[in-house]
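> Sending over a structure as structure tokens; questions will come in a sec.
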Amino acid sequence: MAAPVIQTCHVACCANRTPHVLSWGRGGIIAFGTCNSVALYDPQERAIVALLNGHTGRVNAVQWVHRPDCGPERHLVSGGSDNRLIVWEAQNGKFSRSVECLGHTGPVCAVDAMPLGGDSQVLVASSAADSTLRLWLCDGTKAECLHTLSFGGGFVMDVSLSLLPGSGGGKKLRAPAFSRCIMKDATHPAHGLFVSLPSGRRLHSMKASTIRKKNRVSPW
């Protein structure tokens with residue numbers, strides 16, 4: 001008699017109770033930390049499509065590395081209570097661990113990232129319970145800590161990366177062009193937040209509190 005075939009019929013997991021543990025990708029996939037893993041959830045299929053294992057402590061922060069052309073992300077960053085920061089990269093449609101950033105002496109609580117130049121370079125910022133903020137340059141399987149900011153006994157609650165006007169060259173879309181990408185993508189969570197004004201040169205914010213603000217959003 002042949003042995004019975006065991007198949008996965010359902011995966012039940014919940015997000016960890018930390019503020020920055022979930023990130024929604026422009027490709028429609030939701031990444032979130034669950035225990036010591038990062039789960040990739042597809043809302044269209046209503047199912048977990050991948051589980052990324054690499055952390056040995058609770059995953060506290062997850063962030064997709066958004067591409068300037070608004071295409072599906074190729075990199076994902078996660079930070080955990082094991083003091084580690086992991087950059088995941090898509091290879092042949094599946095995400096695998098690309099590089100680890102080691103240096104924090106306390107649990108990582110917040111991360112942010114942006115692409116630089118080619119497809120392999122990623123600039124990552126991380127904050128941790130060791131009262132430091134670190135800036136990393138990740139290139140393929142190599143990671144370099146570019147700078148460390150110490151806040152003494154203070155606790156860094158969040159971190160965010162942004163290019164100053166005129167400093168990004170052609171590497172990052174301006175806010176208006178980015179907003180237009182969102183308007184064209186019906187699956188994006190912010191798809192319904194903007195509409196084009198009759199002039200076609202400005203955007204109308206559906207969530208603005210005043211008419212003056214509504215008519216002054218994102219000049220082209």
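Simple scheme: letters A, B, ... for chains in structure tokens order, numbers from 1 for residues in each chain, numbers from 1 for ligands in the order shown.
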Can you pull out the residues contacting Ala12 of chain A? Cut-off 12 Å, using only C-alpha atoms, and skip same-chain residues under 6 positions away; I want them as a ChimeraX atom specification.
/A:34,39,41,46-48,51
> Please, could you write that set of residues out with N, CA and C atoms as a PDB file, in the first residue's frame?

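again-v2.pdb, written as the output of this step:
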ATOM      1  N   THR A  34       6.431  37.426  11.070  1.00  0.00           N
ATOM      2  CA  THR A  34       5.643  36.522  11.899  1.00  0.00           C
ATOM      3  C   THR A  34       6.612  35.620  12.655  1.00  0.00           C
ATOM      4  N   ALA A  39       6.835  36.573   6.153  1.00  0.00           N
ATOM      5  CA  ALA A  39       5.825  35.935   5.301  1.00  0.00           C
ATOM      6  C   ALA A  39       5.468  36.862   4.150  1.00  0.00           C
ATOM      7  N   TYR A  41       2.510  37.552   1.545  1.00  0.00           N
ATOM      8  CA  TYR A  41       1.078  37.259   1.391  1.00  0.00           C
ATOM      9  C   TYR A  41       0.544  37.898   0.117  1.00  0.00           C
ATOM     10  N   ARG A  46      -5.249  35.180  -1.602  1.00  0.00           N
ATOM     11  CA  ARG A  46      -5.596  35.021  -0.186  1.00  0.00           C
ATOM     12  C   ARG A  46      -4.785  33.894   0.447  1.00  0.00           C
ATOM     13  N   ALA A  47      -3.479  33.944   0.203  1.00  0.00           N
ATOM     14  CA  ALA A  47      -2.626  32.870   0.682  1.00  0.00           C
ATOM     15  C   ALA A  47      -1.202  33.355   0.887  1.00  0.00           C
ATOM     16  N   ILE A  48      -0.482  32.694   1.798  1.00  0.00           N
ATOM     17  CA  ILE A  48       0.948  32.912   1.973  1.00  0.00           C
ATOM     18  C   ILE A  48       1.667  32.229   0.816  1.00  0.00           C
ATOM     19  N   LEU A  51       7.685  31.922   2.598  1.00  0.00           N
ATOM     20  CA  LEU A  51       8.099  32.147   3.983  1.00  0.00           C
ATOM     21  C   LEU A  51       9.621  32.237   3.994  1.00  0.00           C
TER      22      LEU A  51
END
> What is the distance between atom CA of Ala50 of chain A and atom CA of Ile6 of chain A, in Å to one decimal?
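Atom-to-atom, atom CA of Ala50 of chain A to atom CA of Ile6 of chain A, that is 18.4 Å.
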> Would you list the contacts of Ser23 of chain A as a ChimeraX atom specification, taking every protein, DNA or RNA residue within 7 Å and counting only C-alpha atoms, but skipping same-chain residues closer than 4 positions in sequence?
/A:30-32,62-64
> Calculated over only C-alpha atoms, which of the candidates A:Ala3, A:Val49, A:His66, A:Ala61 has the smallest distance to Met157 of chain A?
A:Ala61
> What are the DSSP strand (DSSP E) residues of segment 110-176 of chain A, as number ranges by chain?
A: 110-115, 121-128, 132-139, 142-150
